[in-house]
file entry34.cif (mmCIF, N, CA and C atoms)
data_run
loop_
_atom_site.label_atom_id
_atom_site.label_comp_id
_atom_site.auth_asym_id
_atom_site.auth_seq_id
_atom_site.Cartn_x
_atom_site.Cartn_y
_atom_site.Cartn_z
N MET A 1 136.17 132.94 74.38
CA MET A 1 135.16 131.97 74.76
C MET A 1 135.44 131.52 76.19
N VAL A 2 134.40 131.42 76.98
CA VAL A 2 134.52 131.04 78.38
C VAL A 2 134.76 129.54 78.53
N PHE A 3 134.19 128.74 77.65
CA PHE A 3 134.35 127.29 77.73
C PHE A 3 134.46 126.74 76.33
N ASP A 4 134.93 125.53 76.22
CA ASP A 4 135.10 124.86 74.93
C ASP A 4 133.96 123.87 74.75
N TYR A 5 133.09 124.10 73.78
CA TYR A 5 132.00 123.16 73.54
C TYR A 5 132.27 122.37 72.28
N LYS A 6 131.72 121.16 72.21
CA LYS A 6 131.96 120.27 71.08
C LYS A 6 130.78 120.15 70.13
N ASP A 7 129.57 120.34 70.64
CA ASP A 7 128.39 120.13 69.82
C ASP A 7 127.22 120.82 70.50
N ALA A 8 126.12 120.96 69.80
CA ALA A 8 124.91 121.52 70.38
C ALA A 8 123.72 120.75 69.83
N LEU A 9 122.71 120.59 70.66
CA LEU A 9 121.50 119.94 70.23
C LEU A 9 120.32 120.49 71.00
N VAL A 10 119.15 120.31 70.46
CA VAL A 10 117.90 120.70 71.12
C VAL A 10 117.29 119.40 71.63
N THR A 11 116.82 119.41 72.89
CA THR A 11 116.19 118.20 73.42
C THR A 11 114.79 118.51 73.91
N ILE A 12 113.95 117.51 73.83
CA ILE A 12 112.57 117.60 74.31
C ILE A 12 112.37 116.45 75.30
N ALA A 13 111.88 116.78 76.48
CA ALA A 13 111.54 115.74 77.46
C ALA A 13 110.10 115.32 77.23
N SER A 14 109.83 114.03 77.37
CA SER A 14 108.47 113.55 77.21
C SER A 14 108.21 112.38 78.14
N VAL A 15 107.13 112.48 78.91
CA VAL A 15 106.72 111.35 79.74
C VAL A 15 106.01 110.30 78.88
N ASP A 16 105.62 110.67 77.66
CA ASP A 16 105.03 109.74 76.69
C ASP A 16 106.06 109.52 75.58
N PHE A 17 107.21 109.03 75.96
CA PHE A 17 108.39 108.90 75.11
C PHE A 17 108.09 108.19 73.79
N ASP A 18 107.54 106.99 73.84
CA ASP A 18 107.32 106.21 72.61
C ASP A 18 106.43 106.95 71.63
N ASN A 19 105.36 107.55 72.12
CA ASN A 19 104.45 108.29 71.25
C ASN A 19 105.15 109.45 70.56
N LEU A 20 105.95 110.20 71.32
CA LEU A 20 106.62 111.36 70.73
C LEU A 20 107.71 110.94 69.75
N VAL A 21 108.47 109.90 70.08
CA VAL A 21 109.49 109.41 69.15
C VAL A 21 108.84 108.94 67.86
N ASN A 22 107.74 108.20 67.97
CA ASN A 22 107.04 107.73 66.75
C ASN A 22 106.50 108.90 65.93
N PHE A 23 106.01 109.94 66.60
CA PHE A 23 105.55 111.13 65.87
C PHE A 23 106.69 111.72 65.05
N TYR A 24 107.87 111.90 65.66
CA TYR A 24 108.99 112.51 64.94
C TYR A 24 109.56 111.57 63.87
N ILE A 25 109.51 110.26 64.08
CA ILE A 25 109.91 109.32 63.02
C ILE A 25 109.02 109.55 61.80
N ASN A 26 107.72 109.64 62.03
CA ASN A 26 106.78 109.84 60.92
C ASN A 26 106.85 111.25 60.34
N LEU A 27 107.02 112.25 61.19
CA LEU A 27 107.12 113.63 60.70
C LEU A 27 108.36 113.82 59.84
N LEU A 28 109.50 113.35 60.33
CA LEU A 28 110.78 113.59 59.66
C LEU A 28 111.12 112.54 58.60
N GLY A 29 110.39 111.42 58.60
CA GLY A 29 110.66 110.37 57.62
C GLY A 29 112.00 109.70 57.81
N GLN A 30 112.42 109.60 59.07
CA GLN A 30 113.70 108.94 59.36
C GLN A 30 113.66 108.32 60.74
N LYS A 31 114.45 107.28 60.91
CA LYS A 31 114.61 106.67 62.22
C LYS A 31 115.65 107.46 63.00
N PRO A 32 115.62 107.38 64.33
CA PRO A 32 116.63 108.10 65.12
C PRO A 32 118.04 107.64 64.77
N ALA A 33 118.98 108.58 64.79
CA ALA A 33 120.39 108.25 64.56
C ALA A 33 120.93 107.40 65.70
N SER A 34 120.44 107.68 66.91
CA SER A 34 120.75 106.82 68.05
C SER A 34 119.47 106.63 68.85
N PHE A 35 119.34 105.46 69.45
CA PHE A 35 118.10 105.12 70.14
C PHE A 35 118.38 104.19 71.30
N ILE A 36 117.89 104.56 72.47
CA ILE A 36 117.91 103.71 73.65
C ILE A 36 116.46 103.62 74.10
N PRO A 37 115.81 102.45 73.97
CA PRO A 37 114.39 102.34 74.29
C PRO A 37 114.05 102.91 75.67
N ASN A 38 112.96 103.67 75.69
CA ASN A 38 112.44 104.28 76.93
C ASN A 38 113.41 105.23 77.62
N VAL A 39 114.45 105.66 76.91
CA VAL A 39 115.45 106.55 77.51
C VAL A 39 115.75 107.74 76.60
N TYR A 40 116.19 107.48 75.36
CA TYR A 40 116.70 108.57 74.53
C TYR A 40 116.65 108.20 73.04
N ALA A 41 116.34 109.20 72.23
CA ALA A 41 116.42 109.07 70.77
C ALA A 41 116.88 110.40 70.22
N ASP A 42 117.70 110.38 69.18
CA ASP A 42 118.01 111.65 68.52
C ASP A 42 117.98 111.52 67.02
N PHE A 43 117.63 112.63 66.40
CA PHE A 43 117.49 112.72 64.95
C PHE A 43 118.49 113.75 64.44
N GLN A 44 119.24 113.40 63.40
CA GLN A 44 120.18 114.34 62.79
C GLN A 44 119.47 115.06 61.67
N LEU A 45 119.30 116.38 61.86
CA LEU A 45 118.66 117.22 60.85
C LEU A 45 119.70 118.19 60.32
N PRO A 46 119.48 118.78 59.17
CA PRO A 46 120.44 119.76 58.68
C PRO A 46 120.59 120.91 59.68
N GLY A 47 121.77 121.08 60.20
CA GLY A 47 122.07 122.21 61.09
C GLY A 47 121.76 121.99 62.55
N VAL A 48 121.11 120.89 62.91
CA VAL A 48 120.78 120.67 64.32
C VAL A 48 120.52 119.19 64.59
N ARG A 49 120.78 118.79 65.80
CA ARG A 49 120.41 117.46 66.25
C ARG A 49 119.26 117.61 67.23
N LEU A 50 118.20 116.84 67.05
CA LEU A 50 117.03 116.88 67.91
C LEU A 50 117.01 115.64 68.78
N GLY A 51 117.06 115.84 70.08
CA GLY A 51 117.02 114.72 71.02
C GLY A 51 115.69 114.69 71.75
N ILE A 52 115.22 113.48 72.04
CA ILE A 52 114.01 113.29 72.84
C ILE A 52 114.40 112.35 73.97
N PHE A 53 114.04 112.73 75.20
CA PHE A 53 114.40 111.86 76.31
C PHE A 53 113.24 111.64 77.25
N GLN A 54 113.25 110.48 77.88
CA GLN A 54 112.27 110.13 78.91
C GLN A 54 112.86 110.59 80.23
N PRO A 55 112.20 111.56 80.90
CA PRO A 55 112.76 112.00 82.18
C PRO A 55 112.71 110.88 83.21
N LYS A 56 113.65 110.90 84.13
CA LYS A 56 113.65 109.93 85.21
C LYS A 56 112.39 110.14 86.05
N LYS A 57 111.91 109.08 86.66
CA LYS A 57 110.67 109.13 87.44
C LYS A 57 110.67 110.28 88.44
N ILE A 58 111.78 110.53 89.08
CA ILE A 58 111.82 111.58 90.10
C ILE A 58 111.69 112.98 89.50
N HIS A 59 111.85 113.11 88.17
CA HIS A 59 111.76 114.41 87.51
C HIS A 59 110.51 114.56 86.63
N GLU A 60 109.69 113.50 86.52
CA GLU A 60 108.55 113.54 85.60
C GLU A 60 107.61 114.72 85.87
N SER A 61 107.40 115.08 87.11
CA SER A 61 106.45 116.15 87.41
C SER A 61 106.87 117.48 86.78
N GLU A 62 108.15 117.67 86.55
CA GLU A 62 108.63 118.90 85.92
C GLU A 62 108.13 119.03 84.48
N PHE A 63 107.85 117.89 83.85
CA PHE A 63 107.53 117.87 82.42
C PHE A 63 106.07 117.52 82.14
N GLU A 64 105.23 117.37 83.16
CA GLU A 64 103.84 117.00 82.96
C GLU A 64 102.91 118.19 82.86
N ASN A 65 103.42 119.40 82.97
CA ASN A 65 102.60 120.59 82.89
C ASN A 65 101.89 120.63 81.54
N SER A 66 100.60 120.87 81.55
CA SER A 66 99.84 120.87 80.31
C SER A 66 99.97 122.17 79.52
N ALA A 67 100.57 123.19 80.11
CA ALA A 67 100.75 124.45 79.38
C ALA A 67 101.69 124.23 78.20
N ARG A 68 101.48 124.99 77.15
CA ARG A 68 102.34 124.86 75.96
C ARG A 68 103.79 125.18 76.30
N SER A 69 104.66 124.45 75.66
CA SER A 69 106.09 124.65 75.84
C SER A 69 106.53 125.96 75.19
N LYS A 70 107.62 126.50 75.66
CA LYS A 70 108.20 127.69 75.03
C LYS A 70 109.13 127.31 73.89
N LEU A 71 109.36 126.03 73.72
CA LEU A 71 110.20 125.55 72.63
C LEU A 71 109.49 125.76 71.29
N SER A 72 110.23 126.21 70.30
CA SER A 72 109.72 126.25 68.93
C SER A 72 110.76 125.57 68.05
N LEU A 73 110.38 124.47 67.45
CA LEU A 73 111.24 123.79 66.50
C LEU A 73 110.86 124.30 65.12
N CYS A 74 111.77 125.03 64.49
CA CYS A 74 111.51 125.61 63.17
C CYS A 74 112.10 124.71 62.10
N LEU A 75 111.28 124.34 61.15
CA LEU A 75 111.71 123.50 60.04
C LEU A 75 111.43 124.22 58.74
N GLU A 76 112.47 124.45 57.96
CA GLU A 76 112.28 125.07 56.65
C GLU A 76 111.92 123.98 55.65
N VAL A 77 110.86 124.21 54.89
CA VAL A 77 110.37 123.23 53.93
C VAL A 77 110.28 123.86 52.55
N SER A 78 110.27 123.02 51.53
CA SER A 78 110.13 123.55 50.18
C SER A 78 108.67 123.75 49.80
N SER A 79 107.75 123.05 50.46
CA SER A 79 106.32 123.21 50.17
C SER A 79 105.54 123.21 51.49
N LEU A 80 105.01 124.35 51.83
CA LEU A 80 104.20 124.47 53.05
C LEU A 80 102.94 123.61 52.95
N GLU A 81 102.34 123.57 51.78
CA GLU A 81 101.13 122.77 51.59
C GLU A 81 101.40 121.28 51.81
N ASP A 82 102.55 120.79 51.34
CA ASP A 82 102.91 119.38 51.57
C ASP A 82 103.12 119.12 53.06
N ALA A 83 103.75 120.07 53.76
CA ALA A 83 103.98 119.91 55.20
C ALA A 83 102.65 119.88 55.95
N ILE A 84 101.72 120.74 55.57
CA ILE A 84 100.40 120.78 56.22
C ILE A 84 99.67 119.46 55.98
N ALA A 85 99.72 118.96 54.77
CA ALA A 85 99.06 117.69 54.46
C ALA A 85 99.67 116.55 55.28
N HIS A 86 100.99 116.55 55.43
CA HIS A 86 101.67 115.52 56.20
C HIS A 86 101.30 115.61 57.68
N LEU A 87 101.30 116.81 58.23
CA LEU A 87 100.89 116.99 59.64
C LEU A 87 99.46 116.53 59.86
N THR A 88 98.60 116.82 58.91
CA THR A 88 97.20 116.42 59.02
C THR A 88 97.09 114.90 59.02
N THR A 89 97.85 114.24 58.16
CA THR A 89 97.87 112.79 58.11
C THR A 89 98.33 112.20 59.44
N LEU A 90 99.26 112.88 60.10
CA LEU A 90 99.78 112.41 61.39
C LEU A 90 98.85 112.74 62.56
N GLY A 91 97.74 113.40 62.28
CA GLY A 91 96.78 113.73 63.32
C GLY A 91 97.09 115.01 64.08
N CYS A 92 97.98 115.82 63.54
CA CYS A 92 98.35 117.10 64.18
C CYS A 92 98.21 118.25 63.19
N PRO A 93 97.01 118.48 62.67
CA PRO A 93 96.86 119.56 61.69
C PRO A 93 97.12 120.91 62.34
N PRO A 94 97.70 121.84 61.59
CA PRO A 94 97.90 123.18 62.13
C PRO A 94 96.56 123.80 62.51
N PRO A 95 96.48 124.44 63.67
CA PRO A 95 95.20 125.02 64.10
C PRO A 95 94.86 126.35 63.43
N GLY A 96 95.83 126.97 62.78
CA GLY A 96 95.59 128.28 62.18
C GLY A 96 95.84 128.27 60.69
N GLU A 97 95.91 129.46 60.16
CA GLU A 97 96.14 129.66 58.73
C GLU A 97 97.60 129.99 58.46
N ILE A 98 98.00 129.87 57.22
CA ILE A 98 99.34 130.29 56.80
C ILE A 98 99.45 131.79 57.00
N SER A 99 100.55 132.22 57.57
CA SER A 99 100.78 133.66 57.74
C SER A 99 101.97 134.08 56.89
N ILE A 100 102.02 135.36 56.60
CA ILE A 100 103.11 135.93 55.82
C ILE A 100 104.03 136.66 56.79
N ALA A 101 105.30 136.30 56.75
CA ALA A 101 106.31 136.95 57.59
C ALA A 101 107.33 137.60 56.67
N SER A 102 108.23 138.36 57.25
CA SER A 102 109.23 139.06 56.43
C SER A 102 110.13 138.08 55.68
N HIS A 103 110.27 136.87 56.19
CA HIS A 103 111.16 135.87 55.60
C HIS A 103 110.43 134.86 54.72
N GLY A 104 109.11 135.01 54.56
CA GLY A 104 108.35 134.09 53.72
C GLY A 104 107.04 133.70 54.38
N ARG A 105 106.52 132.53 54.02
CA ARG A 105 105.27 132.05 54.58
C ARG A 105 105.56 131.04 55.68
N GLU A 106 104.67 130.98 56.68
CA GLU A 106 104.86 130.02 57.75
C GLU A 106 103.53 129.61 58.36
N ILE A 107 103.58 128.49 59.06
CA ILE A 107 102.41 128.02 59.78
C ILE A 107 102.88 127.33 61.06
N TYR A 108 102.09 127.48 62.10
CA TYR A 108 102.39 126.84 63.38
C TYR A 108 101.59 125.55 63.50
N ALA A 109 102.21 124.58 64.13
CA ALA A 109 101.53 123.32 64.48
C ALA A 109 102.11 122.91 65.83
N TYR A 110 101.61 121.81 66.37
CA TYR A 110 102.07 121.34 67.68
C TYR A 110 102.25 119.84 67.64
N ASP A 111 103.33 119.36 68.27
CA ASP A 111 103.54 117.92 68.36
C ASP A 111 102.60 117.36 69.43
N PRO A 112 102.51 116.04 69.60
CA PRO A 112 101.58 115.47 70.58
C PRO A 112 101.79 115.94 72.02
N ASP A 113 102.96 116.43 72.36
CA ASP A 113 103.23 116.93 73.71
C ASP A 113 102.99 118.44 73.83
N GLY A 114 102.57 119.08 72.75
CA GLY A 114 102.27 120.51 72.79
C GLY A 114 103.44 121.42 72.46
N ASN A 115 104.56 120.87 72.01
CA ASN A 115 105.70 121.70 71.60
C ASN A 115 105.38 122.32 70.25
N ARG A 116 105.67 123.62 70.12
CA ARG A 116 105.34 124.33 68.89
C ARG A 116 106.31 123.98 67.77
N LEU A 117 105.73 123.72 66.62
CA LEU A 117 106.48 123.49 65.38
C LEU A 117 106.18 124.66 64.46
N ILE A 118 107.20 125.25 63.89
CA ILE A 118 107.00 126.30 62.90
C ILE A 118 107.53 125.79 61.57
N PHE A 119 106.66 125.68 60.61
CA PHE A 119 107.06 125.28 59.27
C PHE A 119 107.14 126.54 58.44
N HIS A 120 108.28 126.73 57.80
CA HIS A 120 108.60 127.97 57.10
C HIS A 120 108.96 127.65 55.65
N GLN A 121 108.41 128.42 54.73
CA GLN A 121 108.78 128.33 53.31
C GLN A 121 109.28 129.71 52.91
N GLY A 122 110.53 129.77 52.49
CA GLY A 122 111.14 131.04 52.11
C GLY A 122 110.48 131.65 50.88
N LYS A 123 110.81 132.92 50.67
CA LYS A 123 110.24 133.65 49.51
C LYS A 123 110.75 133.08 48.21
#
call {"tool": "encode", "arguments": {"input": "entry34.cif", "output": "structure tokens"}}
result
Amino acid sequence: MVFDYKDALVTIASVDFDNLVNFYINLLGQKPASFIPNVYADFQLPGVRLGIFQPKKIHESEFENSARSKLSLCLEVSSLEDAIAHLTTLGCPPPGEISIASHGREIYAYDPDGNRLIFHQGK
């Protein structure tokens, strides 16, 4: 190993910090494990920590691009239909249909900032 790392997490930058944090609170059904208002929030999920941060003013332009993010947050669920219903309730219904993949069924959705969410139900 070239370096010694202690932990890993996925982070999402958002210029609309409060809106995105509230979306993930409602989506995941949990409050952030750590929270600094208007700065940072993180959620502890099985196998990964998800962080959301408000970029500093001098860096906001890097994150305001309206093009879809290349990030895909994959969440394995026990019921795809329940996940779709929950996303719809949150105002972010999946735009497509359930697809069949080699690993089971899945559907794509997008958070309010346009980051792709993949909900997967195993075979």
call {"tool": "resolve_selection", "arguments": {"input": "entry34.cif", "expression": "the PyMOL selection byres (((chain A and resi 33 and name CA) around 7) and name CA)", "output": "ChimeraX atom specification"}}
result
/A:31-32,34-35,42-44
call {"tool": "resolve_selection", "arguments": {"input": "entry34.cif", "expression": "the PyMOL selection byres ((chain A and resi 96) around 7)", "output": "mmCIF file with N, CA and C atoms, in the frame of the given file"}}
result
data_model
loop_
_atom_site.group_PDB
_atom_site.id
_atom_site.type_symbol
_atom_site.label_atom_id
_atom_site.label_comp_id
_atom_site.auth_asym_id
_atom_site.auth_seq_id
_atom_site.Cartn_x
_atom_site.Cartn_y
_atom_site.Cartn_z
ATOM 1 N N PRO A 93 97.010 118.480 62.670
ATOM 2 C CA PRO A 93 96.860 119.560 61.690
ATOM 3 C C PRO A 93 97.120 120.910 62.340
ATOM 4 N N PRO A 94 97.700 121.840 61.590
ATOM 5 C CA PRO A 94 97.900 123.180 62.130
ATOM 6 C C PRO A 94 96.560 123.800 62.510
ATOM 7 N N PRO A 95 96.480 124.440 63.670
ATOM 8 C CA PRO A 95 95.200 125.020 64.100
ATOM 9 C C PRO A 95 94.860 126.350 63.430
ATOM 10 N N GLU A 97 95.910 129.460 60.160
ATOM 11 C CA GLU A 97 96.140 129.660 58.730
ATOM 12 C C GLU A 97 97.600 129.990 58.460
ATOM 13 N N ILE A 98 98.000 129.870 57.220
ATOM 14 C CA ILE A 98 99.340 130.290 56.800
ATOM 15 C C ILE A 98 99.450 131.790 57.000
ATOM 16 N N SER A 99 100.550 132.220 57.570
ATOM 17 C CA SER A 99 100.780 133.660 57.740
ATOM 18 C C SER A 99 101.970 134.080 56.890
ATOM 19 N N ILE A 107 103.580 128.490 59.060
ATOM 20 C CA ILE A 107 102.410 128.020 59.780
ATOM 21 C C ILE A 107 102.880 127.330 61.060
ATOM 22 N N TYR A 108 102.090 127.480 62.100
ATOM 23 C CA TYR A 108 102.390 126.840 63.380
ATOM 24 C C TYR A 108 101.590 125.550 63.500
ATOM 25 N N ALA A 109 102.210 124.580 64.130
ATOM 26 C CA ALA A 109 101.530 123.320 64.480
ATOM 27 C C ALA A 109 102.110 122.910 65.830
#
call {"tool": "atom_distance", "arguments": {"input": "entry34.cif", "atom1": "atom C of Val2 of chain A", "atom2": "atom C of Ala41 of chain A"}}
result
27.5 Å
call {"tool": "closest_residue", "arguments": {"input": "entry34.cif", "among": "A:Ser72, A:Thr88, A:Thr11, A:Ser61", "to": "Ile118 of chain A", "atoms": "all atoms listed in the file"}}
result
A:Ser72
call {"tool": "atom_distance", "arguments": {"input": "entry34.cif", "atom1": "atom CA of Ile12 of chain A", "atom2": "atom CA of Ile52 of chain A"}}
result
4.8 Å
call {"tool": "select_by_dssp", "arguments": {"input": "entry34.cif", "residues": "segment 36-95 of chain A", "states": "alpha helix (DSSP H)", "output": "PyMOL selection string"}}
result
chain A and resi 60-63+80-89
call {"tool": "closest_residue", "arguments": {"input": "entry34.cif", "among": "A:Lys56, A:Cys74, A:Pro37, A:Val15", "to": "Arg116 of chain A", "atoms": "only N, CA and C atoms"}}
result
A:Cys74
call {"tool": "atom_distance", "arguments": {"input": "entry34.cif", "atom1": "atom CA of Leu50 of chain A", "atom2": "atom CA of Ile84 of chain A"}}
result
20.7 Å
call {"tool": "resolve_selection", "arguments": {"input": "entry34.cif", "expression": "the PyMOL selection byres (((chain A and resi 101 and name CA) around 12) and name CA)", "output": "JSON, numbers by chain"}}
result
{"A": [98, 99, 100, 102, 103, 104, 105, 106, 107, 118, 119, 120, 121, 122, 123]}
call {"tool": "residues_around", "arguments": {"input": "entry34.cif", "residues": "Leu9 of chain A", "least_positions_apart": "4", "cutoff": "6 Å", "atoms": "all atoms listed in the file", "output": "PyMOL selection string"}}
result
chain A and resi 48-51
